[in-house]
file protein.txt (compact mmCIF, C-alpha atoms)
# COMPACT_ATOMS: atom_id res chain seq x y z
CA MET A 247 63.01 61.48 71.07
CA ASN A 248 63.03 64.60 69.06
CA ASP A 249 59.58 65.43 67.87
CA THR A 250 60.64 67.09 64.62
CA ILE A 251 61.43 63.63 63.29
CA THR A 252 57.91 62.62 64.19
CA GLN A 253 56.53 65.63 62.38
CA ASN A 254 58.63 65.06 59.29
CA LEU A 255 57.75 61.39 59.12
CA LEU A 256 54.06 62.18 59.48
CA VAL A 257 54.38 64.56 56.54
CA PHE A 258 56.24 61.85 54.62
CA GLY A 259 53.42 59.40 55.28
CA GLY A 260 51.06 62.04 53.93
CA VAL A 261 53.24 62.37 50.82
CA LEU A 262 53.02 58.63 50.14
CA PHE A 263 49.29 58.66 50.75
CA CYS A 264 48.75 61.58 48.37
CA ALA A 265 50.94 59.97 45.70
CA GLY A 266 48.80 56.87 45.92
CA LEU A 267 45.66 59.02 45.77
CA VAL A 268 46.83 60.83 42.65
CA GLY A 269 47.69 57.50 41.05
CA PHE A 270 44.32 56.04 41.95
CA LEU A 271 42.49 59.01 40.50
CA SER A 272 44.48 59.38 37.30
CA ARG A 273 45.48 55.87 36.28
CA ARG A 274 43.24 53.80 34.06
CA SER A 275 44.78 50.37 34.27
CA LEU A 276 43.10 48.22 36.93
CA ILE A 277 46.34 46.72 38.21
CA LEU A 278 48.04 50.09 38.60
CA MET A 279 45.01 51.40 40.46
CA PHE A 280 45.39 48.59 42.96
CA LEU A 281 49.11 49.28 43.25
CA SER A 282 48.18 52.89 44.08
CA LEU A 283 45.95 51.56 46.86
CA GLU A 284 48.91 49.60 48.21
CA MET A 285 50.98 52.76 48.20
CA MET A 286 48.33 54.58 50.20
CA LEU A 287 48.37 51.73 52.71
CA SER A 288 52.14 51.90 53.04
CA GLY A 289 51.84 55.62 53.80
CA VAL A 290 49.42 54.75 56.58
CA SER A 291 51.90 52.16 57.88
CA VAL A 292 54.62 54.81 58.06
CA ASN A 293 52.25 56.96 60.11
CA LEU A 294 51.46 54.13 62.52
CA ILE A 295 55.09 53.21 63.03
CA THR A 296 56.00 56.82 63.67
CA PHE A 297 53.35 57.01 66.34
CA ALA A 298 54.53 53.73 67.84
CA ARG A 299 57.99 55.20 68.21
CA HIS A 300 56.51 58.42 69.55
CA HIS A 301 54.44 56.72 72.24
CA GLN A 302 57.20 54.22 72.89
CA ASN A 303 55.10 51.13 72.87
CA TYR A 304 54.15 48.44 70.39
CA GLN A 305 50.56 49.37 69.69
CA GLY A 306 51.26 51.27 66.48
CA GLN A 307 53.39 48.46 65.13
CA ILE A 308 50.65 45.95 65.87
CA LEU A 309 48.15 48.12 64.03
CA ALA A 310 50.60 48.28 61.12
CA ILE A 311 50.77 44.46 61.11
CA MET A 312 46.97 44.41 60.87
CA VAL A 313 47.18 46.86 57.95
CA LEU A 314 49.68 44.54 56.28
CA THR A 315 47.33 41.57 56.75
CA ILE A 316 44.35 43.39 55.30
CA ALA A 317 46.52 44.61 52.42
CA ALA A 318 47.48 41.02 51.63
CA CYS A 319 43.81 39.96 51.68
CA GLU A 320 42.89 42.90 49.48
CA ALA A 321 45.62 42.08 46.99
CA ALA A 322 44.46 38.46 46.72
CA ILE A 323 40.80 39.38 46.20
CA ALA A 324 41.66 42.25 43.85
CA LEU A 325 43.85 40.10 41.65
CA ALA A 326 41.19 37.41 41.44
CA LEU A 327 38.68 40.09 40.45
CA VAL A 328 41.04 41.57 37.88
CA VAL A 329 41.66 38.17 36.33
CA SER A 330 37.96 37.40 36.08
CA LEU A 331 37.25 40.86 34.64
CA TYR A 332 40.04 40.38 32.12
CA ARG A 333 38.50 37.08 31.04
CA ARG A 334 35.27 38.85 30.18
CA LYS A 335 36.47 41.82 28.14
CA ALA A 336 40.16 41.09 27.47
CA THR A 337 41.19 44.55 28.63
CA LEU A 338 42.46 46.07 31.84
CA ASP A 339 40.88 49.43 31.09
CA VAL A 340 38.62 50.66 33.85
CA LYS A 341 36.69 52.68 31.28
CA ALA A 342 35.52 49.43 29.72
CA TRP A 343 33.22 49.05 32.69
CA ASP A 344 31.70 52.49 32.37
CA ASP A 345 28.33 51.03 31.47
CA LEU A 346 27.97 49.95 35.07
CA SER A 347 27.61 53.61 36.03
CA GLU A 348 24.60 55.85 35.61
CA THR A 349 23.28 56.21 32.11
CA ILE A 350 22.66 59.95 32.28
CA ILE A 351 26.36 60.69 32.23
CA PRO A 352 27.30 61.61 28.66
CA LYS A 353 29.97 59.51 27.08
CA VAL A 354 33.16 61.35 26.30
CA SER A 355 34.67 60.27 23.04
CA GLU A 356 38.34 59.41 23.31
CA SER A 357 40.85 61.48 21.46
CA PRO A 358 43.52 59.52 19.61
CA VAL A 359 46.66 59.02 21.64
CA ARG A 360 50.03 60.17 20.43
CA PHE A 361 52.86 58.56 22.37
CA GLY A 362 56.10 60.09 21.21
CA ASP A 363 56.17 59.43 17.50
CA ALA A 364 53.35 58.69 15.10
CA ALA A 365 53.93 54.96 15.23
CA MET A 366 50.64 54.35 16.98
CA GLU A 367 48.49 55.80 14.20
CA PHE A 368 47.53 53.47 11.43
CA PRO A 369 46.08 54.36 8.01
CA ILE A 370 42.40 53.67 7.55
CA LEU A 371 41.72 51.49 4.53
CA THR A 372 38.58 52.05 2.51
CA PRO A 373 36.38 48.97 2.49
CA ALA A 374 36.45 47.04 -0.75
CA GLY A 375 34.72 44.05 -2.23
CA LEU A 376 31.32 42.63 -1.52
CA ASP A 377 29.73 42.62 1.85
CA PRO A 378 28.74 39.01 2.39
CA LEU A 379 26.04 40.02 4.83
CA GLU A 380 24.27 42.35 2.38
CA ARG A 381 24.75 40.32 -0.81
CA PRO A 382 25.16 36.66 -0.09
CA VAL A 383 27.43 34.87 -2.49
CA PRO A 384 25.43 32.63 -4.83
CA SER A 385 26.10 28.96 -4.61
CA ASP A 386 27.20 28.65 -8.25
CA PHE A 387 29.66 31.53 -7.98
CA GLU A 388 33.15 30.80 -9.18
CA ALA A 389 35.97 33.20 -8.63
CA ASN A 390 38.36 33.77 -11.48
CA GLU A 391 41.53 35.75 -11.96
CA SER A 392 40.11 38.91 -13.50
CA GLY A 393 37.53 39.77 -10.87
CA THR A 394 34.88 38.60 -8.52
CA ALA A 395 31.75 40.25 -9.88
CA ASP A 396 28.98 38.21 -11.43
CA LYS A 397 28.94 40.24 -14.67
CA VAL A 398 32.51 39.35 -15.42
CA SER A 399 31.81 35.66 -15.21
CA THR A 400 28.73 35.94 -17.40
CA ARG A 401 30.67 37.93 -19.99
CA THR A 402 33.41 35.36 -20.19
CA HIS A 403 30.73 32.72 -20.55
CA GLU A 404 29.26 34.59 -23.53
CA VAL A 405 32.66 34.93 -25.14
CA SER A 406 33.31 31.25 -24.82
CA SER A 407 29.92 30.38 -26.30
CA HIS A 408 30.56 32.60 -29.37
CA ALA A 409 33.80 30.90 -29.99
CA MET B 77 49.05 64.57 77.54
CA ASP B 78 48.68 68.14 76.55
CA TYR B 79 48.74 68.89 72.90
CA GLN B 80 48.87 72.60 72.37
CA PHE B 81 47.30 73.13 69.03
CA THR B 82 47.92 76.59 67.78
CA GLU B 83 46.23 78.18 64.86
CA PRO B 84 47.46 76.58 61.64
CA THR B 85 49.56 79.06 59.77
CA TRP B 86 50.30 79.37 56.11
CA GLN B 87 54.00 78.99 55.72
CA LEU B 88 55.80 79.49 52.48
CA GLY B 89 58.15 76.62 53.14
CA MET B 90 55.21 74.33 53.70
CA ILE B 91 53.28 75.05 50.54
CA THR B 92 56.12 75.62 48.09
CA PRO B 93 57.51 72.05 48.11
CA ILE B 94 54.04 70.59 47.69
CA VAL B 95 53.20 72.86 44.77
CA LEU B 96 56.61 72.18 43.25
CA GLY B 97 56.11 68.45 43.66
CA ALA B 98 52.70 68.60 41.98
CA LEU B 99 54.23 70.66 39.18
CA ALA B 100 57.04 68.12 38.85
CA TYR B 101 54.48 65.33 38.53
CA LEU B 102 52.54 67.17 35.81
CA LEU B 103 55.69 68.15 33.88
CA LEU B 104 57.13 64.66 34.07
CA GLN B 105 53.98 62.89 33.00
CA HIS B 106 53.49 65.25 30.09
CA GLY B 107 57.17 64.95 29.18
CA VAL B 108 56.95 61.16 29.19
CA LEU B 109 53.85 61.35 27.03
CA ALA B 110 55.42 63.75 24.51
CA LYS B 111 58.91 62.23 24.83
CA SER B 112 60.28 65.72 25.30
CA LYS B 113 63.59 65.89 27.12
CA GLN B 114 63.13 69.55 28.08
CA LEU B 115 59.87 68.88 29.91
CA MET B 116 61.34 65.89 31.74
CA ALA B 117 64.41 67.89 32.74
CA ALA B 118 62.17 70.67 34.00
CA GLY B 119 60.20 68.13 36.00
CA VAL B 120 63.33 66.65 37.57
CA ILE B 121 64.62 70.14 38.41
CA SER B 122 61.28 71.02 39.96
CA PHE B 123 61.33 67.82 42.03
CA CYS B 124 64.87 68.50 43.27
CA GLY B 125 63.79 72.05 44.12
CA ALA B 126 60.87 70.65 46.08
CA ILE B 127 63.21 68.43 48.10
CA VAL B 128 65.65 71.27 48.75
CA PHE B 129 62.78 73.52 49.84
CA ALA B 130 61.36 70.82 52.09
CA ILE B 131 64.72 70.24 53.78
CA GLY B 132 65.59 73.91 54.06
CA PHE B 133 62.24 75.14 55.27
CA ALA B 134 61.40 72.25 57.58
CA PRO B 135 60.80 73.37 61.20
CA SER B 136 64.21 71.99 61.93
CA THR B 137 66.21 69.69 59.75
CA MET B 138 66.03 66.00 60.30
CA GLU B 139 68.72 64.72 62.58
CA SER B 140 69.61 61.85 60.43
CA VAL B 141 70.74 62.29 56.86
CA MET B 142 69.84 58.68 56.14
CA LEU B 143 66.21 59.26 57.03
CA MET B 144 66.11 62.24 54.70
CA CYS B 145 67.67 60.22 51.90
CA PHE B 146 65.16 57.41 52.36
CA CYS B 147 62.30 59.89 52.26
CA SER B 148 63.62 61.46 49.06
CA ILE B 149 64.18 58.11 47.35
CA ALA B 150 60.72 56.92 48.34
CA THR B 151 59.12 60.10 47.01
CA ALA B 152 61.08 59.81 43.78
CA GLY B 153 59.94 56.20 43.45
CA GLY B 154 56.36 57.28 44.02
CA ILE B 155 56.56 59.96 41.35
CA SER B 156 58.19 57.57 38.88
CA PHE B 157 55.39 55.13 39.67
CA LEU B 158 52.93 57.86 38.76
CA VAL B 159 54.56 58.98 35.52
CA ALA B 160 55.81 55.71 34.04
CA ARG B 161 53.69 54.55 31.13
CA GLU B 162 54.92 50.98 30.93
CA PRO B 163 53.19 49.04 33.73
CA VAL B 164 56.33 47.07 34.55
CA TYR B 165 58.32 50.27 35.10
CA ALA B 166 55.52 51.61 37.25
CA ALA B 167 55.68 48.45 39.35
CA LEU B 168 59.43 48.92 39.71
CA GLY B 169 58.90 52.49 40.91
CA PHE B 170 56.42 51.18 43.46
CA ALA B 171 58.98 48.63 44.62
CA THR B 172 61.54 51.42 45.06
CA ALA B 173 59.12 53.42 47.17
CA VAL B 174 58.25 50.40 49.33
CA LEU B 175 61.87 49.39 49.87
CA SER B 176 62.80 52.92 50.94
CA THR B 177 59.83 52.87 53.28
CA CYS B 178 61.26 49.66 54.74
CA GLY B 179 64.50 51.54 55.40
CA ILE B 180 62.55 54.19 57.27
CA MET B 181 60.85 51.48 59.30
CA PHE B 182 64.25 50.04 60.19
CA MET B 183 65.37 53.44 61.41
CA GLN B 184 62.19 53.79 63.42
CA SER B 185 63.15 50.52 65.16
CA ALA B 186 60.30 48.54 63.67
CA LEU B 187 62.53 45.68 62.63
CA PHE B 188 59.99 42.92 62.26
CA LEU B 189 57.64 45.17 60.31
CA ALA B 190 60.41 46.24 57.96
CA ALA B 191 61.25 42.61 57.19
CA ALA B 192 57.59 41.64 56.86
CA THR B 193 56.84 44.56 54.57
CA MET B 194 59.83 43.70 52.44
CA ILE B 195 58.69 40.09 52.13
CA VAL B 196 54.98 40.76 51.67
CA TYR B 197 55.06 43.85 49.47
CA ALA B 198 58.30 43.73 47.58
CA GLY B 199 58.36 39.95 47.51
CA ALA B 200 54.87 38.57 47.18
CA THR B 201 52.66 41.42 46.02
CA ILE B 202 54.99 42.83 43.38
CA ILE B 203 55.70 39.37 41.98
CA ILE B 204 52.00 38.48 41.80
CA PHE B 205 51.19 41.82 40.19
CA LEU B 206 53.95 41.27 37.67
CA PHE B 207 52.56 37.82 36.91
CA VAL B 208 49.13 39.30 36.22
CA LEU B 209 50.70 42.09 34.17
CA MET B 210 52.51 39.59 32.00
CA PHE B 211 49.38 37.47 31.74
CA ALA B 212 47.56 40.48 30.33
CA GLN B 213 50.52 42.00 28.56
CA GLN B 214 50.31 43.07 24.97
CA THR B 215 53.25 43.73 22.74
CA GLN B 216 52.64 47.45 22.57
CA LEU B 217 51.27 49.99 24.95
CA ARG B 218 47.52 50.24 25.14
CA THR B 219 45.46 53.38 25.28
CA TYR B 220 44.64 52.90 28.93
CA ASP B 221 48.33 52.68 29.78
CA VAL B 222 49.16 55.91 28.03
CA GLN B 223 46.13 58.04 28.71
CA LEU B 224 45.31 59.36 32.16
CA THR B 225 42.00 60.62 33.43
CA HIS B 226 42.32 64.28 34.37
CA PRO B 227 45.87 64.34 35.79
CA VAL B 228 45.65 68.06 36.56
CA VAL B 229 42.55 67.62 38.68
CA ALA B 230 44.07 64.62 40.44
CA ALA B 231 47.29 66.51 41.16
CA ALA B 232 45.29 69.48 42.50
CA ILE B 233 43.29 67.20 44.82
CA GLY B 234 46.46 65.52 46.05
CA ALA B 235 48.22 68.84 46.64
CA VAL B 236 45.29 70.26 48.60
CA LEU B 237 45.08 67.13 50.74
CA LEU B 238 48.83 67.20 51.37
CA ILE B 239 48.75 70.88 52.34
CA THR B 240 45.95 70.11 54.78
CA ILE B 241 47.87 67.22 56.31
CA THR B 242 51.00 69.34 56.63
CA MET B 243 49.08 72.16 58.27
CA CYS B 244 47.53 69.76 60.77
CA VAL B 245 50.85 68.12 61.60
CA THR B 246 52.92 71.25 61.90
CA GLY B 247 50.14 73.15 63.64
CA ALA B 248 50.75 71.13 66.77
CA LYS B 249 53.86 73.21 67.58
CA GLY B 250 56.00 70.43 68.88
CA ILE B 251 54.29 67.14 69.64
CA LYS B 252 54.72 66.36 73.29
CA LEU B 253 55.86 62.98 74.42
CA ALA B 254 52.96 60.90 75.59
CA SER B 255 52.62 59.47 79.05
CA PRO B 256 52.78 55.64 79.32
CA ASP B 257 49.61 53.83 78.42
CA ALA B 258 48.67 51.66 81.38
CA SER B 259 45.65 50.02 79.77
CA ARG B 260 47.82 47.61 77.76
CA PRO B 261 50.49 46.52 80.20
CA TYR B 262 52.20 44.05 77.89
CA SER B 263 52.63 46.56 75.07
CA GLY B 264 55.08 48.88 76.74
CA ALA B 265 58.71 48.79 75.83
CA VAL B 266 59.77 48.44 79.46
CA LEU B 267 58.15 45.76 81.53
CA PRO B 268 57.77 45.82 85.31
CA GLU B 269 59.11 42.91 87.29
CA ASP B 270 55.89 40.99 87.82
CA LEU B 271 53.34 41.48 85.09
CA ARG B 272 50.54 39.61 86.79
CA SER B 273 50.40 41.86 89.80
CA SER B 274 48.24 44.91 89.82
CA ALA B 275 51.31 46.86 90.74
CA ALA B 276 52.28 46.69 87.09
CA ILE B 277 49.89 49.45 86.19
CA ASP B 278 51.11 51.57 89.06
CA PHE B 279 54.65 50.88 87.96
CA LEU B 280 53.87 52.03 84.43
CA LYS B 281 52.18 55.15 85.72
CA THR B 282 55.13 56.11 87.84
CA GLN B 283 57.60 55.34 85.09
CA PRO B 284 59.47 58.48 84.13
CA ILE B 285 59.35 59.18 80.45
CA GLU B 286 63.08 59.57 80.07
CA SER B 287 63.74 56.02 81.20
CA MET B 288 61.35 54.49 78.68
CA SER B 289 63.24 52.72 76.00
CA VAL B 290 62.50 52.50 72.34
CA PRO B 291 60.30 49.57 71.31
CA GLY B 292 62.75 47.75 69.13
CA THR B 293 62.82 44.06 69.89
CA THR B 294 60.81 41.52 67.97
CA ALA B 295 60.32 39.52 71.15
CA GLY B 296 58.55 42.48 72.72
CA LEU B 297 56.37 42.85 69.65
CA GLY B 298 55.43 39.18 69.78
CA ARG B 299 54.71 39.39 73.50
CA SER B 300 52.41 42.32 72.92
CA LEU B 301 50.80 40.67 69.89
CA TYR B 302 49.93 37.42 71.65
CA THR B 303 48.80 38.87 74.95
CA ASP B 304 47.11 42.20 74.52
CA TYR B 305 45.98 41.71 70.95
CA LEU B 306 45.25 37.98 70.82
CA ILE B 307 41.67 38.43 69.62
CA ALA B 308 42.82 40.76 66.87
CA VAL B 309 45.34 38.13 65.73
CA GLU B 310 42.62 35.49 65.62
CA LEU B 311 40.34 37.80 63.67
CA ALA B 312 43.12 38.60 61.22
CA GLY B 313 43.65 34.88 60.68
CA ALA B 314 39.93 34.44 60.03
CA VAL B 315 39.98 37.32 57.54
CA LEU B 316 42.95 35.75 55.76
CA LEU B 317 41.12 32.42 55.53
CA VAL B 318 38.00 34.08 54.11
CA ALA B 319 40.11 36.03 51.61
CA THR B 320 41.84 32.83 50.50
CA ILE B 321 38.53 31.05 49.95
CA GLY B 322 37.13 34.07 48.14
CA ALA B 323 40.14 34.42 45.87
CA ILE B 324 40.01 30.73 44.92
CA ALA B 325 36.28 30.94 44.26
CA LEU B 326 36.61 34.09 42.18
CA ALA B 327 39.57 32.99 40.11
CA GLN B 328 37.98 29.73 38.99
CA ARG B 329 37.28 29.40 35.32
CA PRO B 330 33.54 29.48 34.68
CA ALA B 331 31.88 26.24 33.59
CA GLU B 332 31.78 25.57 29.88
CA ASN B 333 28.08 24.74 29.52
CA LEU B 334 26.92 27.82 31.39
CA SER B 335 24.58 29.66 29.06
call {"tool": "encode", "arguments": {"input": "protein.txt", "output": "structure tokens"}}
result
Amino acid sequence: MNDTITQNLLVFGGVLFCAGLVGFLSRRSLILMFLSLEMMLSGVSVNLITFARHHQNYQGQILAIMVLTIAACEAAIALALVVSLYRRKATLDVKAWDDLSETIIPKVSESPVRFGDAAMEFPILTPAGLDPLERPVPSDFEANESGTADKVSTRTHEVSSHA
Amino acid sequence: MDYQFTEPTWQLGMITPIVLGALAYLLLQHGVLAKSKQLMAAGVISFCGAIVFAIGFAPSTMESVMLMCFCSIATAGGISFLVAREPVYAALGFATAVLSTCGIMFMQSALFLAAATMIVYAGATIIIFLFVLMFAQQTQLRTYDVQLTHPVVAAAIGAVLLITITMCVTGAKGIKLASPDASRPYSGAVLPEDLRSSAAIDFLKTQPIESMSVPGTTAGLGRSLYTDYLIAVELAGAVLLVATIGAIALAQRPAENLS
């Protein structure tokens, strides 16, 4: 067997591993982080199979089968964890679990995301009306067409009494 | 078994494709983010340049064109997995990379492993991941799908690691063929006549390297798996059982009156 193929395939396994590493470091979605882990494992499998061919026995392939088994276990556990985490916070963002880390790390405020066009930015409406927590609505309050303030209702009451 | 490790050398053809690939990743992910066709075209050109450099400057070109094609497709799938913002497209890029890897395994005469990887990864894992993605799917892209955490730093770390791996692999100046391993007599590709005799080990030791065949049959893999590595198989089964129980216990809905 020509050993340059072995060398090239070892480098290719390294390429897959590094692609998975970059994905794991840069992605924020939990599911895609676990897919990056699977890609790293497949790079390792390529390495093992190349060495099995190089040594001309089955030991590397058997080790690759073990890697496949552990990858299946890891996928099952990881998906169960992701589902239970999603039930708690309804997001797949890994940053949502930042409060599990040390508290001395300063929080970086997120910059607004622009994806292509400005369709993802929404106008901010100024708050209007009464805050029901600050001023509870009285029990005898009746809404009418002209407004919701108390003074309006009292004024209309006066007008009706004069008439 | 004499590996003659020489001093690792800095070769231009070794570093240039890696740097070009990292550049292609950064350009493509920024181009996808900004929806700029120029940036994406520059990224694709940089990736093609990386492949051309890697083929041209390799110590000697790969014998098989198919192997080279599979490697290129798998790397392209990996990069599209990295740059795609929609999670479903990223999963499809991952599937492309894994299927091309299965082709490489076929060409390395690991037939059973290629089929098993195709079934387990591209069949089961991708489908389950897609189920979870659709379970958690929103109508539009979320912030955590679009935004990355320090892609430049991640690409730099990956490039440095890849350069290190390449230096280690190509520093070995021609990997010598290994002598037969006599400690696992059932795992060799060529079996002696009587495996139970102690002459088997002597037979393997005297076996000339040129006459050793390529380990390609699934029967040989099964023979090695259930003789030399029987305990490992049992342990793997136990790990699978524990993982199944753990997954069922974790995925259960919590009780309603738990407060």
call {"tool": "residues_around", "arguments": {"input": "protein.txt", "residues": "Ile155 in chain B", "least_positions_apart": "4", "cutoff": "8 Å", "atoms": "all atoms listed in the file", "output": "VMD selection string"}}
result
(chain A and resid 265) or (chain B and resid 101 151 159 169)
call {"tool": "interface_residues", "arguments": {"input": "protein.txt", "of": "chain A", "to": "chain B", "cutoff": "6 Å", "atoms": "all atoms listed in the file", "output": "PyMOL selection string"}}
result
chain A and resi 249+251+257+264+268-269+271-275+301-304+319+322-323+326+339+361-362
call {"tool": "residues_around", "arguments": {"input": "protein.txt", "residues": "Val313 in chain A", "least_positions_apart": "5", "cutoff": "10 Å", "atoms": "only C-alpha atoms", "output": "number ranges by chain"}}
result
A: 287-288, 290-291, 294, 307-308, 318-319; B: 312
call {"tool": "write_last_selection", "arguments": {"input": "protein.txt", "atoms": "C-alpha atoms", "output": "PDB file, keeping the file's coordinate frame"}}
result
ATOM      1  CA  LEU A 287      48.370  51.730  52.710  1.00  0.00           C
ATOM      2  CA  SER A 288      52.140  51.900  53.040  1.00  0.00           C
ATOM      3  CA  VAL A 290      49.420  54.750  56.580  1.00  0.00           C
ATOM      4  CA  SER A 291      51.900  52.160  57.880  1.00  0.00           C
ATOM      5  CA  LEU A 294      51.460  54.130  62.520  1.00  0.00           C
ATOM      6  CA  GLN A 307      53.390  48.460  65.130  1.00  0.00           C
ATOM      7  CA  ILE A 308      50.650  45.950  65.870  1.00  0.00           C
ATOM      8  CA  ALA A 318      47.480  41.020  51.630  1.00  0.00           C
ATOM      9  CA  CYS A 319      43.810  39.960  51.680  1.00  0.00           C
TER      10      CYS A 319
ATOM     11  CA  ALA B 312      43.120  38.600  61.220  1.00  0.00           C
TER      12      ALA B 312
END
call {"tool": "closest_residue", "arguments": {"input": "protein.txt", "among": "A:Ile351, A:Ala298, A:Ile370, A:Val292", "to": "Gly259 in chain A", "atoms": "all atoms listed in the file"}}
result
A:Val292
call {"tool": "residues_around", "arguments": {"input": "protein.txt", "residues": "Cys124 in chain B", "least_positions_apart": "2", "cutoff": "10 Å", "atoms": "only C-alpha atoms", "output": "list in words"}}
result
Pro93, Leu96, Gly97, Ala100, Ala118, Gly119, Val120, Ile121, Ser122, Ala126, Ile127, Val128, Phe129, Ala130, Ser148 and Ala152 of chain B
call {"tool": "atom_distance", "arguments": {"input": "protein.txt", "atom1": "CA of Met90 in chain B", "atom2": "CA of Val141 in chain B"}}
result
19.9 Å
call {"tool": "atom_distance", "arguments": {"input": "protein.txt", "atom1": "CA of Ile149 in chain B", "atom2": "CA of Thr172 in chain B"}}
result
7.5 Å
call {"tool": "atom_distance", "arguments": {"input": "protein.txt", "atom1": "CA of Leu281 in chain A", "atom2": "CA of Ala321 in chain A"}}
result
8.8 Å
call {"tool": "closest_residue", "arguments": {"input": "protein.txt", "among": "B:Ile91, B:Ala160, B:Leu175, B:Leu306", "to": "Ala191 in chain B", "atoms": "only C-alpha atoms"}}
result
B:Leu175
call {"tool": "closest_residue", "arguments": {"input": "protein.txt", "among": "A:Met286, A:Ala342, A:Leu278, A:Ile350", "to": "Leu325 in chain A", "atoms": "all atoms listed in the file"}}
result
A:Leu278
